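Structure file query.tsv (TSV, C-alpha atoms and all ligand atoms) follows.
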```tsv
chain	number	residue	atom	x	y	z
M	1	MET	CA	0.00	0.00	0.00
M	2	LYS	CA	1.28	3.42	-0.92
M	3	LYS	CA	1.63	6.00	1.74
M	4	ILE	CA	-1.34	8.14	2.61
M	5	ILE	CA	-0.57	11.76	3.09
M	6	ARG	CA	-2.67	13.45	5.65
M	7	VAL	CA	-3.82	16.85	4.59
M	8	ILE	CA	-4.54	19.40	7.25
M	9	THR	CA	-8.20	20.15	6.99
M	10	TYR	CA	-9.75	23.49	7.27
M	11	THR	CA	-11.56	22.36	10.39
M	12	THR	CA	-8.36	21.10	11.97
M	13	LEU	CA	-6.80	24.43	11.18
M	14	LEU	CA	-9.67	26.26	12.81
M	15	LEU	CA	-9.41	24.04	15.84
M	16	PHE	CA	-5.70	24.72	16.04
M	17	VAL	CA	-6.16	28.47	15.70
M	18	SER	CA	-8.90	28.52	18.31
M	19	LEU	CA	-6.67	26.57	20.67
M	20	LEU	CA	-3.93	29.14	20.18
M	21	PHE	CA	-6.24	31.98	21.01
M	22	GLN	CA	-7.65	30.28	24.06
M	23	SER	CA	-4.04	29.67	25.01
M	24	THR	CA	-5.06	26.55	26.85
M	25	SER	CA	-2.47	23.86	26.59
M	26	TYR	CA	-3.77	20.34	26.84
M	27	ALA	CA	-2.39	17.05	27.91
M	28	ASN	CA	-0.36	14.90	25.60
M	29	THR	CA	-2.46	12.42	23.76
M	30	VAL	CA	-1.60	8.84	22.98
M	31	GLN	CA	-2.37	7.67	19.49
M	32	ILE	CA	-3.01	3.93	19.12
M	33	GLU	CA	-1.24	2.34	16.17
M	34	THR	CA	-2.73	-1.13	15.96
M	35	ASP	CA	-6.13	-2.75	16.24
M	36	ASP	CA	-7.18	-4.74	19.29
M	37	LEU	CA	-4.39	-3.42	21.47
M	38	LEU	CA	-4.88	-4.73	24.98
M	39	VAL	CA	-5.41	-2.32	27.84
M	40	ARG	CA	-4.21	-3.47	31.27
M	41	SER	CA	-4.68	-2.24	34.80
M	42	GLY	CA	-0.93	-1.76	35.28
M	43	PRO	CA	2.35	-1.39	33.39
M	44	GLY	CA	3.08	-5.04	32.62
M	45	THR	CA	1.61	-8.10	30.91
M	46	GLU	CA	0.93	-9.64	34.31
M	47	TYR	CA	-1.75	-7.02	35.01
M	48	GLU	CA	-5.43	-7.65	34.46
M	49	LEU	CA	-7.01	-6.93	31.07
M	50	ILE	CA	-9.54	-4.14	31.23
M	51	GLY	CA	-10.31	-3.69	27.55
M	52	HIS	CA	-8.87	-2.98	24.15
M	53	VAL	CA	-8.31	0.00	21.88
M	54	ASN	CA	-7.96	0.34	18.14
M	55	GLN	CA	-5.78	1.93	15.54
M	56	GLY	CA	-6.22	5.68	15.12
M	57	GLU	CA	-7.93	6.23	18.47
M	58	ASP	CA	-6.57	8.98	20.71
M	59	TYR	CA	-6.48	8.94	24.49
M	60	ALA	CA	-5.18	11.41	27.04
M	61	LEU	CA	-1.78	10.46	28.43
M	62	VAL	CA	-1.86	10.04	32.19
M	63	GLU	CA	1.55	8.61	32.99
M	64	GLN	CA	4.42	6.84	31.28
M	65	THR	CA	7.25	4.40	31.89
M	66	ASP	CA	9.94	3.24	29.48
M	67	ASP	CA	7.74	0.49	28.06
M	68	TRP	CA	4.19	1.45	28.96
M	69	LEU	CA	1.84	4.38	28.59
M	70	ALA	CA	-1.06	5.03	30.93
M	71	ILE	CA	-4.12	6.44	29.23
M	72	ASP	CA	-7.41	7.81	30.37
M	73	PHE	CA	-9.55	4.83	29.43
M	74	ASN	CA	-13.18	5.79	29.95
M	75	GLY	CA	-12.32	7.50	33.21
M	76	GLU	CA	-10.08	4.68	34.41
M	77	THR	CA	-6.34	4.53	34.08
M	78	GLY	CA	-5.39	1.86	31.57
M	79	TRP	CA	-1.93	0.82	30.42
M	80	VAL	CA	-0.92	0.04	26.85
M	81	SER	CA	2.37	-1.17	25.45
M	82	ARG	CA	4.47	1.68	24.18
M	83	GLN	CA	5.43	-0.44	21.17
M	84	TYR	CA	2.02	0.07	19.60
M	85	ALA	CA	1.24	3.64	20.59
M	86	THR	CA	2.83	7.04	20.23
M	87	ILE	CA	2.56	10.25	22.14
M	88	THR	CA	1.33	13.11	20.00
M	89	ASP	CA	0.34	16.74	20.60
M	90	GLN	CA	3.32	17.55	22.75
M	91	ALA	CA	2.31	19.88	25.57
M	92	ASP	CA	3.27	23.52	25.38
M	93	ASP	CA	6.34	24.72	27.20
M	94	ASN	CA	4.19	26.92	29.42
M	95	HIS	CA	2.48	23.88	30.80
M	96	SER	CA	-0.76	25.02	32.37
M	97	THR	CA	-2.41	23.59	35.42
M	98	GLU	CA	-5.48	22.27	33.65
M	99	THR	CA	-3.62	19.48	31.95
M	100	GLU	CA	-5.30	16.23	32.78
M	101	THR	CA	-8.38	16.91	30.69
M	102	PRO	CA	-8.89	14.08	28.23
M	103	ILE	CA	-9.22	15.20	24.67
M	104	ASN	CA	-12.47	13.85	23.39
M	105	GLN	CA	-12.29	13.92	19.64
M	106	PRO	CA	-15.74	14.62	18.28
M	107	GLU	CA	-16.88	11.99	15.80
M	108	THR	CA	-17.28	14.54	13.05
M	109	ASP	CA	-13.56	15.14	13.22
M	110	GLU	CA	-12.91	11.53	12.32
M	111	GLN	CA	-15.10	11.85	9.24
M	112	ALA	CA	-13.55	15.13	8.19
M	113	ASP	CA	-10.19	13.44	8.47
M	114	LEU	CA	-11.11	10.59	6.14
M	115	SER	CA	-12.74	12.88	3.64
M	116	THR	CA	-9.57	14.82	3.04
M	117	GLN	CA	-7.01	12.06	2.77
M	118	ALA	CA	-4.88	12.26	-0.28
M	119	PHE	CA	-4.40	8.89	-1.93
M	120	ASP	CA	-1.83	7.88	-4.52
M	121	ILE	CA	-3.32	5.64	-7.18
M	122	PRO	CA	-1.33	2.39	-6.88
M	123	VAL	CA	-2.03	1.03	-10.38
M	124	ASP	CA	-2.05	2.18	-13.98
M	125	HIS	CA	-5.08	2.53	-16.29
M	126	LEU	CA	-7.53	2.81	-13.42
M	127	HIS	CA	-11.05	3.62	-14.52
M	128	LEU	CA	-12.66	6.53	-12.74
M	129	ARG	CA	-16.35	5.69	-12.84
M	130	ALA	CA	-19.33	8.05	-12.82
M	131	GLN	CA	-21.22	5.78	-10.43
M	132	ALA	CA	-20.31	3.17	-7.85
M	133	THR	CA	-20.66	0.31	-10.33
M	134	THR	CA	-18.45	-1.19	-13.01
M	135	GLN	CA	-21.33	-0.76	-15.49
M	136	SER	CA	-21.22	3.01	-15.27
M	137	GLU	CA	-19.53	5.48	-17.57
M	138	ILE	CA	-15.74	5.83	-17.44
M	139	LEU	CA	-14.99	9.48	-16.72
M	140	ALA	CA	-11.23	9.25	-16.88
M	141	VAL	CA	-8.36	6.79	-16.85
M	142	LEU	CA	-6.09	7.42	-13.89
M	143	THR	CA	-2.39	6.65	-13.95
M	144	GLU	CA	-0.19	5.11	-11.29
M	145	GLY	CA	1.11	7.64	-8.79
M	146	GLU	CA	-1.60	10.20	-9.54
M	147	THR	CA	-2.85	11.76	-6.33
M	148	VAL	CA	-6.56	11.99	-5.68
M	149	THR	CA	-8.49	13.13	-2.63
M	150	ILE	CA	-10.88	10.78	-0.91
M	151	VAL	CA	-14.30	12.38	-0.66
M	152	GLU	CA	-16.34	9.49	0.68
M	153	GLN	CA	-15.95	5.79	1.21
M	154	ASP	CA	-18.20	2.83	1.63
M	155	GLN	CA	-17.45	-0.87	1.69
M	156	ASP	CA	-16.98	-1.33	-2.05
M	157	TRP	CA	-16.28	2.06	-3.56
M	158	ILE	CA	-14.40	5.24	-2.79
M	159	LYS	CA	-15.59	8.56	-4.14
M	160	VAL	CA	-12.53	10.59	-5.05
M	161	LEU	CA	-11.71	13.98	-6.43
M	162	ALA	CA	-9.25	13.62	-9.30
M	163	GLN	CA	-7.94	16.16	-11.79
M	164	ASP	CA	-10.81	15.40	-14.13
M	165	GLY	CA	-13.47	15.71	-11.47
M	166	GLU	CA	-15.24	13.47	-8.99
M	167	GLY	CA	-15.80	9.79	-9.56
M	168	PHE	CA	-15.59	6.34	-8.07
M	169	ILE	CA	-12.78	3.80	-7.75
M	170	PRO	CA	-12.91	0.36	-6.05
M	171	ALA	CA	-12.37	0.48	-2.28
M	172	TRP	CA	-9.99	-2.47	-2.18
M	173	LEU	CA	-7.34	-0.31	-3.85
M	174	LEU	CA	-6.70	1.06	-0.36
M	175	ASN	CA	-5.19	-2.32	0.51
M	176	TYR	CA	-3.65	-2.92	-2.88
M	177	GLN	CA	-0.64	-5.18	-2.94
M	178	GLU	CA	1.93	-5.38	-5.69
M	179	PRO	CA	0.95	-6.70	-9.13
M	180	VAL	CA	-0.30	-10.21	-9.40
M	181	ILE	CA	2.14	-11.56	-11.93
M	182	GLU	CA	5.39	-10.07	-13.03
M	183	GLY	CA	6.72	-10.15	-16.54
M	184	GLN	CA	4.97	-11.21	-19.68
M	185	THR	CA	1.45	-12.42	-19.73
M	186	ASN	CA	-0.47	-14.02	-22.57
M	187	LEU	CA	-3.79	-12.70	-21.25
M	188	LYS	CA	-3.55	-9.48	-23.23
M	189	ASN	CA	-6.69	-9.00	-25.36
M	190	LYS	CA	-8.20	-12.28	-24.20
M	191	VAL	CA	-11.94	-12.01	-23.60
M	192	ILE	CA	-13.03	-13.41	-20.25
M	193	VAL	CA	-16.64	-13.50	-19.10
M	194	ILE	CA	-17.01	-13.89	-15.35
M	195	ASP	CA	-20.31	-14.97	-13.88
M	196	PRO	CA	-20.73	-14.23	-10.16
M	197	GLY	CA	-23.17	-16.97	-9.16
M	198	HIS	CA	-26.69	-16.24	-7.90
M	199	GLY	CA	-27.77	-12.66	-7.03
M	200	GLY	CA	-30.83	-10.80	-5.83
M	201	ALA	CA	-33.44	-13.06	-4.26
M	202	ASP	CA	-31.28	-16.09	-5.13
M	203	VAL	CA	-28.75	-15.75	-2.32
M	204	GLY	CA	-27.03	-19.07	-3.01
M	205	ALA	CA	-25.53	-20.89	-0.05
M	206	ILE	CA	-25.89	-19.31	3.37
M	207	SER	CA	-22.69	-19.25	5.38
M	208	ILE	CA	-22.17	-20.31	8.95
M	209	THR	CA	-22.26	-16.62	9.89
M	210	ASP	CA	-25.44	-15.98	7.86
M	211	ARG	CA	-23.70	-14.37	4.94
M	212	TYR	CA	-24.61	-15.12	1.34
M	213	GLU	CA	-22.76	-16.91	-1.41
M	214	LYS	CA	-24.03	-14.32	-3.92
M	215	ASP	CA	-22.03	-11.59	-2.15
M	216	TYR	CA	-18.85	-13.61	-1.83
M	217	ALA	CA	-19.08	-14.61	-5.50
M	218	LEU	CA	-19.51	-11.00	-6.60
M	219	ASN	CA	-16.59	-9.84	-4.50
M	220	THR	CA	-14.33	-12.51	-5.97
M	221	ALA	CA	-15.54	-11.73	-9.50
M	222	LYS	CA	-14.75	-8.04	-9.13
M	223	HIS	CA	-11.33	-8.74	-7.74
M	224	LEU	CA	-10.57	-11.12	-10.57
M	225	GLU	CA	-12.01	-8.73	-13.14
M	226	TYR	CA	-9.67	-6.03	-12.00
M	227	GLN	CA	-6.58	-8.20	-11.97
M	228	LEU	CA	-7.37	-9.56	-15.44
M	229	GLU	CA	-7.93	-6.06	-16.81
M	230	MET	CA	-4.57	-5.05	-15.36
M	231	LEU	CA	-3.03	-7.76	-17.48
M	232	GLY	CA	-4.73	-6.47	-20.61
M	233	ALA	CA	-7.67	-8.88	-20.81
M	234	THR	CA	-11.14	-7.69	-21.74
M	235	VAL	CA	-13.55	-8.72	-19.03
M	236	TYR	CA	-17.33	-8.80	-18.88
M	237	LEU	CA	-19.30	-9.62	-15.76
M	238	THR	CA	-22.72	-11.23	-16.08
M	239	ARG	CA	-23.76	-9.11	-13.12
M	240	SER	CA	-21.93	-6.41	-11.21
M	241	ASP	CA	-24.67	-5.69	-8.72
M	242	ASP	CA	-26.98	-7.63	-6.48
M	243	TYR	CA	-29.53	-8.62	-9.13
M	244	TYR	CA	-30.69	-12.00	-10.25
M	245	TYR	CA	-30.24	-12.85	-13.90
M	246	ALA	CA	-31.49	-16.11	-15.35
M	247	LEU	CA	-28.83	-18.72	-16.05
M	248	THR	CA	-29.29	-18.94	-19.81
M	249	PRO	CA	-28.57	-15.27	-20.58
M	250	ARG	CA	-25.43	-15.46	-18.46
M	251	ALA	CA	-23.96	-18.11	-20.71
M	252	VAL	CA	-25.38	-16.41	-23.81
M	253	LEU	CA	-23.33	-13.34	-22.87
M	254	ALA	CA	-20.20	-15.48	-23.16
M	255	ASN	CA	-21.31	-16.67	-26.61
M	256	TYR	CA	-22.19	-13.13	-27.67
M	257	HIS	CA	-18.72	-11.85	-26.78
M	258	ALA	CA	-17.07	-14.96	-28.22
M	259	ALA	CA	-15.34	-15.29	-24.85
M	260	ASP	CA	-12.02	-17.10	-24.76
M	261	VAL	CA	-13.09	-18.37	-21.33
M	262	PHE	CA	-16.30	-18.25	-19.31
M	263	LEU	CA	-15.96	-18.68	-15.53
M	264	SER	CA	-18.91	-19.09	-13.20
M	265	ILE	CA	-17.86	-18.24	-9.63
M	266	HIS	CA	-19.43	-20.04	-6.67
M	267	TYR	CA	-18.83	-20.96	-3.05
M	268	ASN	CA	-19.89	-24.24	-1.54
M	269	SER	CA	-21.79	-25.26	1.56
M	270	GLU	CA	-22.30	-28.53	3.37
M	271	PRO	CA	-23.85	-27.62	6.74
M	272	GLN	CA	-24.16	-31.27	7.81
M	273	TYR	CA	-20.37	-31.65	7.36
M	274	PRO	CA	-18.95	-28.48	8.89
M	275	SER	CA	-15.39	-29.70	8.40
M	276	ALA	CA	-15.77	-29.99	4.60
M	277	ASN	CA	-13.36	-27.59	2.89
M	278	GLY	CA	-11.48	-26.95	-0.31
M	279	LEU	CA	-11.90	-26.36	-4.02
M	280	ASN	CA	-13.77	-28.07	-6.86
M	281	THR	CA	-13.47	-27.21	-10.51
M	282	TYR	CA	-16.30	-28.31	-12.83
M	283	TYR	CA	-16.33	-28.57	-16.62
M	284	ARG	CA	-18.92	-30.11	-18.94
M	285	LYS	CA	-17.46	-30.57	-22.41
M	286	ASP	CA	-14.52	-32.94	-22.78
M	287	ALA	CA	-12.71	-30.20	-24.69
M	288	ASP	CA	-12.71	-28.08	-21.50
M	289	GLN	CA	-10.96	-30.61	-19.34
M	290	GLY	CA	-7.54	-29.08	-20.05
M	291	LEU	CA	-8.81	-25.67	-19.04
M	292	ALA	CA	-10.29	-27.17	-15.87
M	293	ASP	CA	-7.02	-28.87	-14.97
M	294	ALA	CA	-4.98	-25.73	-15.58
M	295	VAL	CA	-7.21	-23.43	-13.51
M	296	HIS	CA	-7.63	-25.98	-10.75
M	297	LEU	CA	-3.87	-26.47	-10.44
M	298	GLY	CA	-3.28	-22.73	-10.47
M	299	LEU	CA	-5.81	-22.31	-7.66
M	300	LEU	CA	-4.28	-25.08	-5.58
M	301	GLU	CA	-0.80	-23.68	-6.03
M	302	LYS	CA	-1.72	-20.16	-4.96
M	303	THR	CA	-4.25	-20.91	-2.21
M	304	ASN	CA	-2.96	-24.18	-0.72
M	305	ALA	CA	-6.60	-25.13	-0.31
M	306	ASN	CA	-7.81	-28.71	0.01
M	307	ASP	CA	-8.00	-30.40	-3.41
M	308	ARG	CA	-11.52	-31.73	-3.99
M	309	GLY	CA	-10.79	-32.44	-7.59
M	310	VAL	CA	-11.70	-31.61	-11.16
M	311	LEU	CA	-15.13	-33.01	-11.95
M	312	SER	CA	-17.55	-32.98	-14.83
M	313	GLY	CA	-20.84	-31.33	-13.97
M	314	ASP	CA	-23.98	-30.82	-16.01
M	315	TYR	CA	-24.66	-27.23	-14.97
M	316	ARG	CA	-26.98	-25.11	-17.10
M	317	VAL	CA	-24.44	-22.29	-17.57
M	318	LEU	CA	-21.91	-24.85	-18.84
M	319	ARG	CA	-24.52	-26.42	-21.11
M	320	VAL	CA	-25.61	-23.17	-22.76
M	321	SER	CA	-22.14	-21.70	-23.17
M	322	LYS	CA	-20.44	-22.60	-26.42
M	323	GLN	CA	-17.19	-21.14	-25.16
M	324	PRO	CA	-14.56	-22.88	-23.00
M	325	SER	CA	-16.33	-22.81	-19.65
M	326	LEU	CA	-15.82	-23.70	-16.01
M	327	LEU	CA	-17.81	-23.52	-12.83
M	328	LEU	CA	-15.55	-22.92	-9.83
M	329	GLU	CA	-16.51	-23.83	-6.28
M	330	LEU	CA	-13.94	-21.78	-4.38
M	331	GLY	CA	-14.42	-22.93	-0.82
M	332	PHE	CA	-16.93	-23.85	1.88
M	333	LEU	CA	-18.98	-21.16	3.56
M	334	SER	CA	-20.24	-23.82	5.98
M	335	ASN	CA	-16.70	-24.23	7.31
M	336	GLN	CA	-15.95	-21.65	9.96
M	337	ALA	CA	-12.22	-21.37	9.30
M	338	GLU	CA	-12.59	-21.39	5.53
M	339	GLU	CA	-15.30	-18.73	5.53
M	340	LYS	CA	-13.07	-16.51	7.62
M	341	LEU	CA	-10.22	-17.02	5.18
M	342	ILE	CA	-12.48	-16.28	2.21
M	343	GLN	CA	-13.33	-12.95	3.81
M	344	THR	CA	-9.73	-11.75	3.77
M	345	PRO	CA	-8.43	-9.62	0.88
M	346	ALA	CA	-5.21	-11.64	0.99
M	347	TYR	CA	-7.03	-14.89	0.25
M	348	GLN	CA	-9.11	-13.24	-2.45
M	349	ASP	CA	-5.85	-12.13	-3.98
M	350	GLU	CA	-4.56	-15.71	-3.89
M	351	ILE	CA	-7.72	-16.91	-5.61
M	352	SER	CA	-7.28	-14.33	-8.38
M	353	ARG	CA	-3.62	-15.17	-8.75
M	354	GLY	CA	-4.45	-18.86	-8.92
M	355	ILE	CA	-7.08	-18.44	-11.63
M	356	ILE	CA	-4.77	-16.14	-13.59
M	357	LEU	CA	-1.88	-18.58	-13.33
M	358	GLY	CA	-4.16	-21.33	-14.60
M	359	LEU	CA	-5.43	-19.23	-17.51
M	360	GLU	CA	-1.90	-18.27	-18.50
M	361	ASN	CA	-0.90	-21.91	-18.58
M	362	TYR	CA	-4.00	-22.80	-20.56
M	363	PHE	CA	-3.40	-20.05	-23.15
M	364	LYS	CA	0.11	-21.34	-23.79
M	365	TYR	CA	-1.60	-24.11	-25.73
M	366	HIS	CA	-4.89	-22.55	-26.88
X	401	ZN	ZN	-23.53	-21.42	-6.10
```

Spell out the structure here as structure tokens.
Amino acid sequence: MKKIIRVITYTTLLLFVSLLFQSTSYANTVQIETDDLLVRSGPGTEYELIGHVNQGEDYALVEQTDDWLAIDFNGETGWVSRQYATITDQADDNHSTETETPINQPETDEQADLSTQAFDIPVDHLHLRAQATTQSEILAVLTEGETVTIVEQDQDWIKVLAQDGEGFIPAWLLNYQEPVIEGQTNLKNKVIVIDPGHGGADVGAISITDRYEKDYALNTAKHLEYQLEMLGATVYLTRSDDYYYALTPRAVLANYHAADVFLSIHYNSEPQYPSANGLNTYYRKDADQGLADAVHLGLLEKTNANDRGVLSGDYRVLRVSKQPSLLLELGFLSNQAEEKLIQTPAYQDEISRGIILGLENYFKYH
């Protein structure tokens, strides 16, 4: 992830100026630098746990030792390891008497902070979209290193202000890791149709934590779409939002675009066997077995998931598609550990890398 430059906001400036004029100095604050940092009743790991604090939170400094900082923790004194916290807002030289007042950051300050973060685009050829969907108009193509300002953020999209105006980019870019595959790729100009399974009222499998397969499938599809586009492939999604489309038109889309490969993305569930885990790759036509083997091996290599095999399956999307087609079952949502893994951006990245590795191997011969 590229560095994020904090820009001093107008409101922060006002706050600062007003503090100057009030000439009240305030206590040092402790800024927490990691999530789930334990708070103890004394300066040592042998002391009782009284809670935890999270990255970016500020607390008034009460006391300090070489290794520990005491903070005002909801009115109590709590101790955190100095390794994961820093003292900020050094007190003025003319230290006043009214020091021990905790600084309660108003919530609006937090929002103002986010909304003015500058962000360096970590990738090249990034589409700035008019709306928070991959179906919407491309307003501009952003280049790597270009700095934009974050205006607003939700789970999937970030609204940014770029040179060419305001638009949307995918939120996972905030956690972007280096390119998937170095060097040459044979995916340039290949047409890939990705079908995120289910959608809308058809939620697919329901996970052990009551989440839906349709959402996991869409997330994976978008991640894969992006990585493939980075490598020069042309990608179409059968759905990019939470709508249900019938199965036949999904496969027809692959035929319409004369896709080099059609991939239907799914997650599995076997609630009566909560330990079931791993990957299946399905194909229907004999001609697609090589593609199935290549993608399956790529997935296993990158994810280290349990190998449940390459199988033939008579799925409708595979039947209707005239293009080389697979249906991927990328893990078990009924397995607690595997669902948790599937939720992590790192594992999603491994899945994308695995599929891409498989496709590259396949295209060496097709
Ligand atoms: Zn499914």

| query | Mind listing the residues within 12 Å of ligand ZN 401 (chain X), all atoms listed in the file counted, as number ranges by chain? | reply | M: 195-199, 202-207, 212-218, 247, 264-270, 280, 315, 317, 327-333

For Trp79 of chain M, find every residue with an atom within 12 Å (counting all atoms listed in the file), except residues of its own chain fewer than 5 positions away, and show them as a CSV table (one decimal) with C-alpha atoms, keeping the file's coordinate frame.
```
chain,number,residue,atom,x,y,z
M,30,VAL,CA,-1.6,8.8,23.0
M,32,ILE,CA,-3.0,3.9,19.1
M,37,LEU,CA,-4.4,-3.4,21.5
M,38,LEU,CA,-4.9,-4.7,25.0
M,39,VAL,CA,-5.4,-2.3,27.8
M,40,ARG,CA,-4.2,-3.5,31.3
M,41,SER,CA,-4.7,-2.2,34.8
M,42,GLY,CA,-0.9,-1.8,35.3
M,43,PRO,CA,2.4,-1.4,33.4
M,44,GLY,CA,3.1,-5.0,32.6
M,45,THR,CA,1.6,-8.1,30.9
M,46,GLU,CA,0.9,-9.6,34.3
M,47,TYR,CA,-1.8,-7.0,35.0
M,48,GLU,CA,-5.4,-7.6,34.5
M,49,LEU,CA,-7.0,-6.9,31.1
M,50,ILE,CA,-9.5,-4.1,31.2
M,51,GLY,CA,-10.3,-3.7,27.6
M,52,HIS,CA,-8.9,-3.0,24.2
M,53,VAL,CA,-8.3,0.0,21.9
M,59,TYR,CA,-6.5,8.9,24.5
M,60,ALA,CA,-5.2,11.4,27.0
M,61,LEU,CA,-1.8,10.5,28.4
M,62,VAL,CA,-1.9,10.0,32.2
M,63,GLU,CA,1.6,8.6,33.0
M,64,GLN,CA,4.4,6.8,31.3
M,65,THR,CA,7.2,4.4,31.9
M,67,ASP,CA,7.7,0.5,28.1
M,68,TRP,CA,4.2,1.4,29.0
M,69,LEU,CA,1.8,4.4,28.6
M,70,ALA,CA,-1.1,5.0,30.9
M,71,ILE,CA,-4.1,6.4,29.2
M,72,ASP,CA,-7.4,7.8,30.4
M,73,PHE,CA,-9.6,4.8,29.4
M,84,TYR,CA,2.0,0.1,19.6
M,85,ALA,CA,1.2,3.6,20.6
```

| query | So how far away is atom CA of Arg353 of chain M from atom CA of Glu301 of chain M, in Å? | reply |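 Computing the Euclidean distance for atom CA of Glu301 of chain M and atom CA of Arg353 of chain M yields 9.4 Å.
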
| field | Selection: 10 Å around Ala251 of chain M, all atoms listed in the file, excl. self and same-chain fewer than 4 positions, as a PyMOL selection string | value | chain M and resi 193-195+238+246-247+255-256+259+262-264+316-323+325

Would you give the centre and edge lengths, in Å to one decimal, of a box along x, y and z around the listed atoms of segment 283-286 of chain M, with 5 Å added to each side, as AutoDock Vina command-line options?
```
--center_x -16.7 --center_y -30.8 --center_z -19.7 --size_x 14.4 --size_y 14.4 --size_z 16.2
```

| message | Using only C-alpha atoms for the distances, tell me which of M:Leu341, M:Ile192, M:Ala276, M:Leu311 is nearest to Leu359 of chain M. | response |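 Closest to Leu359 of chain M of all the choices is M:Ile192.
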
| request: Enter the distance from atom CA of Thr344 of chain M to atom CA of Ile150 of chain M, in Å, rounded to one decimal. | output: 23.0 Å

| query | Hey, what's within 9 Å of Gly298 of chain M if we count all atoms listed in the file and toss same-chain stuff fewer than 3 positions away? As a PyMOL selection string, please? | reply | chain M and resi 293-295+301-303+351+353-359+361

| task | Determine the nearest neighbour of Tyr282 of chain M from the options M:Glu137, M:Asp124, M:Glu229, M:Asp314, counting all atoms listed in the file. | result | M:Asp314

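Coordinates place atom CA of Tyr236 of chain M at a distance of 19.1 Å from atom CA of Asp349 of chain M.
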
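Distance check against Val235 of chain M using only C-alpha atoms: of M:Thr88, M:Gln135, M:Thr149, M:Asp288, the minimum falls on M:Gln135.
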
| message | Give me, as a list in words, all polymer residues having an atom no more than 8 Å from Gln348 of chain M, counting all atoms listed in the file and skipping those fewer than 4 positions away in the same chain. | response |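 Listing them by chain and then by number gives Thr220, His223, Ile342, Gln343, Thr344 and Ser352 of chain M.
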
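Restricting the calculation to all atoms listed in the file, the smallest distance between Leu187 of chain M and any of M:Gly145, M:Lys222, M:Leu173, M:Gly232 is found for M:Gly232.
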
| field | Selected residue of minimal separation from Leu228 of chain M among M:Val191, M:Ala171, M:Ala337, M:Ala258, counting only C-alpha atoms | value |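 Of the candidates, the smallest distance to Leu228 of chain M is held by M:Val191.
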
Can I get a file of segment 37-47 of chain M from the given structure, N, CA, C and O atoms kept, as a PDB file, in the first residue's frame?
```pdb
ATOM      1  N   LEU M  37      -5.480  -3.543  20.500  1.00  0.00           N
ATOM      2  CA  LEU M  37      -4.387  -3.423  21.469  1.00  0.00           C
ATOM      3  C   LEU M  37      -4.970  -3.558  22.875  1.00  0.00           C
ATOM      4  O   LEU M  37      -5.957  -2.914  23.229  1.00  0.00           O
ATOM      5  N   LEU M  38      -4.354  -4.439  23.652  1.00  0.00           N
ATOM      6  CA  LEU M  38      -4.881  -4.728  24.985  1.00  0.00           C
ATOM      7  C   LEU M  38      -4.591  -3.589  25.949  1.00  0.00           C
ATOM      8  O   LEU M  38      -3.517  -2.992  25.914  1.00  0.00           O
ATOM      9  N   VAL M  39      -5.570  -3.324  26.788  1.00  0.00           N
ATOM     10  CA  VAL M  39      -5.414  -2.319  27.836  1.00  0.00           C
ATOM     11  C   VAL M  39      -5.397  -3.050  29.172  1.00  0.00           C
ATOM     12  O   VAL M  39      -6.260  -3.879  29.445  1.00  0.00           O
ATOM     13  N   ARG M  40      -4.362  -2.764  29.983  1.00  0.00           N
ATOM     14  CA  ARG M  40      -4.206  -3.474  31.266  1.00  0.00           C
ATOM     15  C   ARG M  40      -4.290  -2.505  32.430  1.00  0.00           C
ATOM     16  O   ARG M  40      -4.154  -1.305  32.265  1.00  0.00           O
ATOM     17  N   SER M  41      -4.484  -3.082  33.611  1.00  0.00           N
ATOM     18  CA  SER M  41      -4.676  -2.241  34.795  1.00  0.00           C
ATOM     19  C   SER M  41      -3.350  -1.725  35.347  1.00  0.00           C
ATOM     20  O   SER M  41      -3.327  -0.885  36.237  1.00  0.00           O
ATOM     21  N   GLY M  42      -2.227  -2.228  34.815  1.00  0.00           N
ATOM     22  CA  GLY M  42      -0.927  -1.757  35.279  1.00  0.00           C
ATOM     23  C   GLY M  42       0.111  -1.905  34.186  1.00  0.00           C
ATOM     24  O   GLY M  42      -0.160  -2.491  33.130  1.00  0.00           O
ATOM     25  N   PRO M  43       1.315  -1.388  34.419  1.00  0.00           N
ATOM     26  CA  PRO M  43       2.350  -1.386  33.388  1.00  0.00           C
ATOM     27  C   PRO M  43       3.082  -2.717  33.279  1.00  0.00           C
ATOM     28  O   PRO M  43       4.246  -2.827  33.658  1.00  0.00           O
ATOM     29  N   GLY M  44       2.433  -3.749  32.787  1.00  0.00           N
ATOM     30  CA  GLY M  44       3.081  -5.043  32.619  1.00  0.00           C
ATOM     31  C   GLY M  44       2.069  -6.058  32.140  1.00  0.00           C
ATOM     32  O   GLY M  44       0.861  -5.892  32.372  1.00  0.00           O
ATOM     33  N   THR M  45       2.542  -7.104  31.452  1.00  0.00           N
ATOM     34  CA  THR M  45       1.608  -8.097  30.909  1.00  0.00           C
ATOM     35  C   THR M  45       0.974  -8.938  32.009  1.00  0.00           C
ATOM     36  O   THR M  45       0.021  -9.680  31.768  1.00  0.00           O
ATOM     37  N   GLU M  46       1.515  -8.854  33.229  1.00  0.00           N
ATOM     38  CA  GLU M  46       0.932  -9.636  34.314  1.00  0.00           C
ATOM     39  C   GLU M  46      -0.329  -8.966  34.874  1.00  0.00           C
ATOM     40  O   GLU M  46      -1.078  -9.573  35.625  1.00  0.00           O
ATOM     41  N   TYR M  47      -0.576  -7.717  34.482  1.00  0.00           N
ATOM     42  CA  TYR M  47      -1.752  -7.018  35.006  1.00  0.00           C
ATOM     43  C   TYR M  47      -3.022  -7.435  34.267  1.00  0.00           C
ATOM     44  O   TYR M  47      -2.973  -7.841  33.101  1.00  0.00           O
TER      45      TYR M  47
END
```
